[in-house]
$ cat my_file19.txt   # compact mmCIF, N, CA and C atoms
# COMPACT_ATOMS: atom_id res chain seq x y z
N MET F 410 0.83 -1.17 0.00
CA MET F 410 0.00 0.00 0.00
C MET F 410 0.88 1.24 0.00
N ASP F 411 0.52 2.22 -0.80
CA ASP F 411 1.29 3.45 -0.86
C ASP F 411 0.48 4.62 -0.31
N GLU F 412 -0.61 4.34 0.33
CA GLU F 412 -1.51 5.35 0.85
C GLU F 412 -0.97 5.89 2.18
N SER F 413 -1.14 7.21 2.38
CA SER F 413 -0.78 7.76 3.68
C SER F 413 -2.05 8.23 4.38
N LEU F 414 -1.99 8.21 5.69
CA LEU F 414 -3.15 8.51 6.51
C LEU F 414 -2.85 9.68 7.44
N ASN F 415 -3.86 10.47 7.75
CA ASN F 415 -3.66 11.50 8.75
C ASN F 415 -3.96 10.90 10.13
N LEU F 416 -3.73 11.68 11.17
CA LEU F 416 -3.88 11.21 12.54
C LEU F 416 -5.30 10.74 12.83
N GLU F 417 -6.28 11.51 12.37
CA GLU F 417 -7.68 11.16 12.62
C GLU F 417 -8.05 9.83 11.96
N ARG F 418 -7.66 9.66 10.70
CA ARG F 418 -7.99 8.42 9.97
C ARG F 418 -7.30 7.21 10.60
N LEU F 419 -6.02 7.37 10.96
CA LEU F 419 -5.30 6.26 11.60
C LEU F 419 -5.99 5.89 12.91
N GLY F 420 -6.39 6.88 13.67
CA GLY F 420 -7.08 6.60 14.93
C GLY F 420 -8.38 5.84 14.73
N ARG F 421 -9.16 6.23 13.71
CA ARG F 421 -10.41 5.53 13.44
C ARG F 421 -10.15 4.09 13.00
N LEU F 422 -9.19 3.90 12.09
CA LEU F 422 -8.90 2.55 11.58
C LEU F 422 -8.41 1.62 12.69
N CYS F 423 -7.65 2.17 13.62
CA CYS F 423 -7.02 1.34 14.65
C CYS F 423 -7.76 1.37 15.98
N ARG F 424 -8.86 2.15 16.03
CA ARG F 424 -9.58 2.33 17.29
C ARG F 424 -8.64 2.80 18.39
N ALA F 425 -7.83 3.81 18.04
CA ALA F 425 -6.86 4.37 18.98
C ALA F 425 -7.21 5.83 19.25
N ALA F 426 -7.04 6.25 20.48
CA ALA F 426 -7.30 7.63 20.86
C ALA F 426 -6.20 8.55 20.35
N HIS F 427 -6.57 9.78 20.10
CA HIS F 427 -5.62 10.80 19.64
C HIS F 427 -4.41 10.87 20.57
N ALA F 428 -4.66 10.90 21.88
CA ALA F 428 -3.57 11.01 22.86
C ALA F 428 -2.62 9.81 22.78
N GLU F 429 -3.17 8.62 22.55
CA GLU F 429 -2.32 7.42 22.41
C GLU F 429 -1.41 7.56 21.21
N LEU F 430 -1.98 7.96 20.07
CA LEU F 430 -1.18 8.10 18.86
C LEU F 430 -0.08 9.13 19.04
N VAL F 431 -0.42 10.25 19.66
CA VAL F 431 0.58 11.29 19.90
C VAL F 431 1.70 10.75 20.78
N GLU F 432 1.34 10.02 21.83
CA GLU F 432 2.36 9.46 22.73
C GLU F 432 3.23 8.45 21.99
N TRP F 433 2.63 7.61 21.13
CA TRP F 433 3.42 6.64 20.38
C TRP F 433 4.38 7.33 19.42
N VAL F 434 3.97 8.44 18.84
CA VAL F 434 4.88 9.21 17.99
C VAL F 434 6.02 9.77 18.83
N GLU F 435 5.69 10.37 19.97
CA GLU F 435 6.71 10.97 20.84
C GLU F 435 7.69 9.92 21.36
N LEU F 436 7.22 8.71 21.59
CA LEU F 436 8.08 7.62 22.08
C LEU F 436 8.89 6.97 20.97
N GLY F 437 8.57 7.30 19.72
CA GLY F 437 9.27 6.67 18.59
C GLY F 437 8.70 5.33 18.19
N VAL F 438 7.56 4.97 18.74
CA VAL F 438 6.90 3.71 18.43
C VAL F 438 6.27 3.78 17.04
N LEU F 439 5.84 4.96 16.68
CA LEU F 439 5.10 5.18 15.45
C LEU F 439 5.84 6.20 14.60
N GLU F 440 6.17 5.82 13.38
CA GLU F 440 6.89 6.71 12.47
C GLU F 440 5.91 7.66 11.81
N VAL F 441 6.30 8.92 11.75
CA VAL F 441 5.43 9.96 11.21
C VAL F 441 6.19 10.77 10.16
N HIS F 442 5.45 11.21 9.16
CA HIS F 442 5.99 12.13 8.16
C HIS F 442 5.34 13.48 8.41
N GLY F 443 6.10 14.54 8.26
CA GLY F 443 5.55 15.88 8.49
C GLY F 443 5.56 16.27 9.95
N ARG F 444 6.50 15.73 10.70
CA ARG F 444 6.59 15.99 12.14
C ARG F 444 6.66 17.49 12.44
N GLU F 445 7.38 18.22 11.61
CA GLU F 445 7.56 19.66 11.85
C GLU F 445 6.25 20.44 11.73
N GLN F 446 5.25 19.86 11.13
CA GLN F 446 3.95 20.53 10.95
C GLN F 446 3.05 20.35 12.16
N GLY F 447 3.43 19.52 13.08
CA GLY F 447 2.58 19.24 14.24
C GLY F 447 1.54 18.19 13.89
N PRO F 448 0.81 17.71 14.89
CA PRO F 448 -0.15 16.62 14.68
C PRO F 448 -1.14 16.83 13.54
N ALA F 449 -1.54 18.05 13.29
CA ALA F 449 -2.51 18.30 12.21
C ALA F 449 -1.92 17.96 10.84
N GLY F 450 -0.62 18.03 10.70
CA GLY F 450 0.02 17.75 9.42
C GLY F 450 0.71 16.40 9.34
N TRP F 451 0.63 15.64 10.41
CA TRP F 451 1.28 14.33 10.42
C TRP F 451 0.63 13.40 9.40
N ARG F 452 1.47 12.59 8.75
CA ARG F 452 1.02 11.56 7.81
C ARG F 452 1.69 10.25 8.21
N PHE F 453 0.93 9.17 8.07
CA PHE F 453 1.40 7.85 8.46
C PHE F 453 1.25 6.90 7.27
N ASP F 454 2.20 5.99 7.13
CA ASP F 454 2.10 4.97 6.09
C ASP F 454 1.01 3.98 6.46
N ALA F 455 0.27 3.53 5.48
CA ALA F 455 -0.81 2.58 5.71
C ALA F 455 -0.29 1.27 6.30
N GLU F 456 0.97 0.96 6.04
CA GLU F 456 1.55 -0.27 6.58
C GLU F 456 1.60 -0.27 8.11
N ALA F 457 1.46 0.90 8.73
CA ALA F 457 1.50 1.00 10.19
C ALA F 457 0.19 0.51 10.82
N VAL F 458 -0.86 0.41 10.05
CA VAL F 458 -2.19 0.10 10.60
C VAL F 458 -2.22 -1.21 11.40
N PRO F 459 -1.73 -2.34 10.88
CA PRO F 459 -1.84 -3.57 11.69
C PRO F 459 -1.10 -3.48 13.03
N ARG F 460 0.09 -2.89 13.02
CA ARG F 460 0.87 -2.78 14.26
C ARG F 460 0.17 -1.86 15.25
N VAL F 461 -0.27 -0.70 14.78
CA VAL F 461 -0.94 0.26 15.66
C VAL F 461 -2.25 -0.33 16.18
N ALA F 462 -2.99 -1.02 15.34
CA ALA F 462 -4.24 -1.64 15.78
C ALA F 462 -3.98 -2.68 16.86
N ALA F 463 -2.92 -3.47 16.71
CA ALA F 463 -2.59 -4.48 17.71
C ALA F 463 -2.18 -3.83 19.03
N ILE F 464 -1.39 -2.78 18.96
CA ILE F 464 -0.97 -2.08 20.18
C ILE F 464 -2.18 -1.44 20.86
N ALA F 465 -3.05 -0.82 20.07
CA ALA F 465 -4.25 -0.19 20.63
C ALA F 465 -5.16 -1.24 21.28
N ARG F 466 -5.27 -2.41 20.65
CA ARG F 466 -6.09 -3.48 21.22
C ARG F 466 -5.52 -3.95 22.56
N LEU F 467 -4.20 -4.09 22.64
CA LEU F 467 -3.57 -4.46 23.91
C LEU F 467 -3.85 -3.40 24.98
N ALA F 468 -3.74 -2.15 24.60
CA ALA F 468 -3.99 -1.06 25.55
C ALA F 468 -5.42 -1.14 26.09
N ARG F 469 -6.38 -1.37 25.20
CA ARG F 469 -7.78 -1.46 25.62
C ARG F 469 -8.05 -2.69 26.46
N GLU F 470 -7.66 -3.85 25.94
CA GLU F 470 -8.02 -5.12 26.59
C GLU F 470 -7.32 -5.33 27.92
N LEU F 471 -6.09 -4.84 28.03
CA LEU F 471 -5.33 -5.03 29.26
C LEU F 471 -5.27 -3.77 30.12
N ASP F 472 -5.96 -2.73 29.66
CA ASP F 472 -5.99 -1.44 30.36
C ASP F 472 -4.57 -0.94 30.63
N LEU F 473 -3.77 -0.90 29.56
CA LEU F 473 -2.38 -0.48 29.66
C LEU F 473 -2.20 0.96 29.18
N ALA F 474 -1.24 1.63 29.75
CA ALA F 474 -0.85 2.95 29.26
C ALA F 474 -0.26 2.77 27.86
N PRO F 475 -0.30 3.79 27.03
CA PRO F 475 0.21 3.66 25.66
C PRO F 475 1.64 3.12 25.58
N HIS F 476 2.53 3.62 26.44
CA HIS F 476 3.92 3.15 26.36
C HIS F 476 4.03 1.68 26.79
N ALA F 477 3.22 1.27 27.76
CA ALA F 477 3.25 -0.13 28.20
C ALA F 477 2.69 -1.05 27.13
N ALA F 478 1.63 -0.63 26.45
CA ALA F 478 1.05 -1.45 25.39
C ALA F 478 2.05 -1.65 24.26
N ALA F 479 2.79 -0.60 23.90
CA ALA F 479 3.80 -0.72 22.85
C ALA F 479 4.90 -1.68 23.27
N LEU F 480 5.32 -1.60 24.52
CA LEU F 480 6.36 -2.50 25.03
C LEU F 480 5.88 -3.95 25.03
N VAL F 481 4.67 -4.19 25.49
CA VAL F 481 4.12 -5.55 25.51
C VAL F 481 4.04 -6.10 24.08
N HIS F 482 3.58 -5.28 23.14
CA HIS F 482 3.50 -5.71 21.74
C HIS F 482 4.88 -6.12 21.22
N ASP F 483 5.88 -5.30 21.47
CA ASP F 483 7.23 -5.61 20.99
C ASP F 483 7.79 -6.86 21.66
N LEU F 484 7.53 -7.04 22.96
CA LEU F 484 8.01 -8.23 23.66
C LEU F 484 7.32 -9.50 23.15
N LEU F 485 6.04 -9.41 22.86
CA LEU F 485 5.34 -10.57 22.30
C LEU F 485 5.90 -10.94 20.93
N GLY F 486 6.21 -9.94 20.13
CA GLY F 486 6.81 -10.19 18.82
C GLY F 486 8.18 -10.83 18.95
N GLU F 487 8.96 -10.34 19.88
CA GLU F 487 10.29 -10.93 20.11
C GLU F 487 10.18 -12.37 20.59
N ARG F 488 9.21 -12.63 21.44
CA ARG F 488 8.99 -14.00 21.91
C ARG F 488 8.66 -14.93 20.74
N ARG F 489 7.77 -14.47 19.83
CA ARG F 489 7.43 -15.29 18.66
C ARG F 489 8.67 -15.55 17.79
N ARG F 490 9.48 -14.52 17.59
CA ARG F 490 10.71 -14.71 16.79
C ARG F 490 11.65 -15.72 17.44
N LEU F 491 11.80 -15.63 18.76
CA LEU F 491 12.68 -16.55 19.46
C LEU F 491 12.14 -17.98 19.43
N GLU F 492 10.82 -18.14 19.57
CA GLU F 492 10.22 -19.47 19.49
C GLU F 492 10.46 -20.09 18.12
N CYS F 493 10.35 -19.29 17.06
CA CYS F 493 10.61 -19.79 15.71
C CYS F 493 12.06 -20.20 15.56
N ARG F 494 12.94 -19.41 16.13
CA ARG F 494 14.38 -19.71 16.02
C ARG F 494 14.72 -20.99 16.78
N VAL F 495 14.15 -21.17 17.96
CA VAL F 495 14.38 -22.39 18.74
C VAL F 495 13.85 -23.60 17.96
N ALA F 496 12.67 -23.47 17.38
CA ALA F 496 12.10 -24.59 16.61
C ALA F 496 13.00 -24.93 15.43
N MET F 497 13.54 -23.93 14.74
CA MET F 497 14.44 -24.19 13.63
C MET F 497 15.71 -24.88 14.09
N LEU F 498 16.27 -24.42 15.20
CA LEU F 498 17.49 -25.05 15.73
C LEU F 498 17.23 -26.48 16.18
N GLU F 499 16.07 -26.72 16.76
CA GLU F 499 15.71 -28.09 17.16
C GLU F 499 15.63 -29.01 15.95
N ARG F 500 15.05 -28.51 14.86
CA ARG F 500 14.97 -29.31 13.62
C ARG F 500 16.36 -29.62 13.09
N LEU F 501 17.25 -28.66 13.16
CA LEU F 501 18.61 -28.88 12.68
C LEU F 501 19.39 -29.89 13.52
N LEU F 502 19.05 -29.99 14.79
CA LEU F 502 19.75 -30.90 15.70
C LEU F 502 19.24 -32.33 15.61
N ARG F 503 18.13 -32.55 14.93
CA ARG F 503 17.57 -33.91 14.85
C ARG F 503 18.33 -34.74 13.86

$ encode --input "my_file19.txt" --output "C-alpha cells"
Amino acid sequence: MDESLNLERLGRLCRAAHAELVEWVELGVLEVHGREQGPAGWRFDAEAVPRVAAIARLARELDLAPHAAALVHDLLGERRRLECRVAMLERLLR
C-alpha cells in the first residue's frame, strides 16, 4: 500500500485515541511524516495500521498505558521470533 493517513484516519482505523497516537509518535513507536507541521500535518504509512491496531487493542483489553502497550507488543513479537528460532534449531539438531 502506498496510501498515507492522517492522525484522525489512523485513529479511526485502529480504534486508537488521539492522545495514544501522539504518545506513540513521541516515544518513537510510530513513524510519522511531516513531524515539523505538528499533529494536524502528520502523515502515516498505511503499513502501520496492523501494528498500531494491535498495540491499541492491547492497551484497551489489558488497560495499559500507551507506552506499556507498545512495550508488551514488541516483547510478544520478540517471543514469537525466538520461538521460531528455537524450533528451527531443534529441527537442525535432529

$ closest_residue --input "my_file19.txt" --among "F:Arg421, F:Leu436, F:Leu414, F:Ala478" --to "Gly450 in chain F" --atoms "all atoms listed in the file"
F:Leu414

$ atom_distance --input "my_file19.txt" --atom1 "CA of Asp472 in chain F" --atom2 "atom N of Ala457 in chain F"
23.0 Å

$ select_by_dssp --input "my_file19.txt" --residues "range 412-473 of chain F" --states "strand (DSSP E or B)" --output "number ranges by chain"
F: 413-415, 442, 452-454

$ write_last_selection --input "my_file19.txt" --atoms "N, CA and C atoms" --output "CSV table (one decimal), in the frame of the given file"
chain,number,residue,atom,x,y,z
F,413,SER,N,-1.1,7.2,2.4
F,413,SER,CA,-0.8,7.8,3.7
F,413,SER,C,-2.0,8.2,4.4
F,414,LEU,N,-2.0,8.2,5.7
F,414,LEU,CA,-3.2,8.5,6.5
F,414,LEU,C,-2.8,9.7,7.4
F,415,ASN,N,-3.9,10.5,7.8
F,415,ASN,CA,-3.7,11.5,8.8
F,415,ASN,C,-4.0,10.9,10.1
F,442,HIS,N,5.4,11.2,9.2
F,442,HIS,CA,6.0,12.1,8.2
F,442,HIS,C,5.3,13.5,8.4
F,452,ARG,N,1.5,12.6,8.8
F,452,ARG,CA,1.0,11.6,7.8
F,452,ARG,C,1.7,10.2,8.2
F,453,PHE,N,0.9,9.2,8.1
F,453,PHE,CA,1.4,7.8,8.5
F,453,PHE,C,1.2,6.9,7.3
F,454,ASP,N,2.2,6.0,7.1
F,454,ASP,CA,2.1,5.0,6.1
F,454,ASP,C,1.0,4.0,6.5

$ atom_distance --input "my_file19.txt" --atom1 "atom C of Val438 in chain F" --atom2 "atom N of Ser413 in chain F"
16.8 Å

$ atom_distance --input "my_file19.txt" --atom1 "CA of Ala479 in chain F" --atom2 "CA of Ile464 in chain F"
5.6 Å

$ closest_residue --input "my_file19.txt" --among "F:Glu445, F:Pro475, F:Glu417, F:Glu456" --to "Trp433 in chain F" --atoms "only C-alpha atoms"
F:Pro475

$ closest_residue --input "my_file19.txt" --among "F:Pro448, F:Gly443, F:Gly486, F:Pro459" --to "Ala428 in chain F" --atoms "only C-alpha atoms"
F:Pro448

$ axis_aligned_box --input "my_file19.txt" --around "range 436-452 of chain F" --padding-each-side "8 Å" --output "JSON"
{"center_x": 3.4, "center_y": 12.1, "center_z": 14.9, "size_x": 27.8, "size_y": 32.8, "size_z": 30.3}

$ closest_residue --input "my_file19.txt" --among "F:Arg490, F:Arg452, F:Arg500, F:Arg469" --to "Cys423 in chain F" --atoms "only C-alpha atoms"
F:Arg469

$ closest_residue --input "my_file19.txt" --among "F:Ala496, F:Val458, F:Leu430, F:Leu502" --to "Ala474 in chain F" --atoms "only C-alpha atoms"
F:Leu430

$ residues_near_point --input "my_file19.txt" --point "(-1.4, 6.8, 8.2)" --cutoff "6.5 Å" --atoms "only N, CA and C atoms" --output "list in words"
Glu412, Ser413, Leu414, Asn415, Leu416, Arg418, Leu419, Arg452, Phe453, Asp454 and Ala455 of chain F

$ select_by_dssp --input "my_file19.txt" --residues "chain F" --states "helix (DSSP H, G or I)" --output "VMD selection string"
chain F and resid 416 to 423 427 to 436 444 to 446 448 to 450 455 to 471 475 to 502

$ decode --input "my_file19.txt" --residues "range 441-484 of chain F" --atoms "C-alpha atoms" --output "PDB file, in the first residue's frame"
ATOM      1  CA  VAL F 441       5.432   9.958  11.210  1.00  0.00           C
ATOM      2  CA  HIS F 442       5.991  12.127   8.157  1.00  0.00           C
ATOM      3  CA  GLY F 443       5.548  15.876   8.488  1.00  0.00           C
ATOM      4  CA  ARG F 444       6.586  15.989  12.141  1.00  0.00           C
ATOM      5  CA  GLU F 445       7.561  19.657  11.848  1.00  0.00           C
ATOM      6  CA  GLN F 446       3.954  20.531  10.954  1.00  0.00           C
ATOM      7  CA  GLY F 447       2.581  19.237  14.236  1.00  0.00           C
ATOM      8  CA  PRO F 448      -0.151  16.621  14.684  1.00  0.00           C
ATOM      9  CA  ALA F 449      -2.506  18.302  12.209  1.00  0.00           C
ATOM     10  CA  GLY F 450       0.023  17.752   9.422  1.00  0.00           C
ATOM     11  CA  TRP F 451       1.276  14.326  10.423  1.00  0.00           C
ATOM     12  CA  ARG F 452       1.017  11.563   7.813  1.00  0.00           C
ATOM     13  CA  PHE F 453       1.403   7.849   8.456  1.00  0.00           C
ATOM     14  CA  ASP F 454       2.104   4.972   6.092  1.00  0.00           C
ATOM     15  CA  ALA F 455      -0.810   2.577   5.711  1.00  0.00           C
ATOM     16  CA  GLU F 456       1.551  -0.275   6.585  1.00  0.00           C
ATOM     17  CA  ALA F 457       1.496   0.995  10.193  1.00  0.00           C
ATOM     18  CA  VAL F 458      -2.190   0.096  10.604  1.00  0.00           C
ATOM     19  CA  PRO F 459      -1.835  -3.574  11.685  1.00  0.00           C
ATOM     20  CA  ARG F 460       0.871  -2.777  14.258  1.00  0.00           C
ATOM     21  CA  VAL F 461      -0.943   0.257  15.660  1.00  0.00           C
ATOM     22  CA  ALA F 462      -4.243  -1.644  15.775  1.00  0.00           C
ATOM     23  CA  ALA F 463      -2.592  -4.484  17.714  1.00  0.00           C
ATOM     24  CA  ILE F 464      -0.973  -2.081  20.183  1.00  0.00           C
ATOM     25  CA  ALA F 465      -4.251  -0.192  20.634  1.00  0.00           C
ATOM     26  CA  ARG F 466      -6.089  -3.481  21.222  1.00  0.00           C
ATOM     27  CA  LEU F 467      -3.570  -4.462  23.911  1.00  0.00           C
ATOM     28  CA  ALA F 468      -3.990  -1.057  25.553  1.00  0.00           C
ATOM     29  CA  ARG F 469      -7.784  -1.460  25.616  1.00  0.00           C
ATOM     30  CA  GLU F 470      -8.016  -5.116  26.586  1.00  0.00           C
ATOM     31  CA  LEU F 471      -5.330  -5.031  29.263  1.00  0.00           C
ATOM     32  CA  ASP F 472      -5.991  -1.441  30.363  1.00  0.00           C
ATOM     33  CA  LEU F 473      -2.377  -0.477  29.660  1.00  0.00           C
ATOM     34  CA  ALA F 474      -0.849   2.948  29.262  1.00  0.00           C
ATOM     35  CA  PRO F 475       0.212   3.661  25.663  1.00  0.00           C
ATOM     36  CA  HIS F 476       3.920   3.149  26.365  1.00  0.00           C
ATOM     37  CA  ALA F 477       3.251  -0.126  28.201  1.00  0.00           C
ATOM     38  CA  ALA F 478       1.048  -1.448  25.388  1.00  0.00           C
ATOM     39  CA  ALA F 479       3.803  -0.718  22.846  1.00  0.00           C
ATOM     40  CA  LEU F 480       6.359  -2.500  25.026  1.00  0.00           C
ATOM     41  CA  VAL F 481       4.122  -5.548  25.507  1.00  0.00           C
ATOM     42  CA  HIS F 482       3.501  -5.711  21.737  1.00  0.00           C
ATOM     43  CA  ASP F 483       7.228  -5.611  20.993  1.00  0.00           C
ATOM     44  CA  LEU F 484       8.007  -8.230  23.659  1.00  0.00           C
TER      45      LEU F 484
END
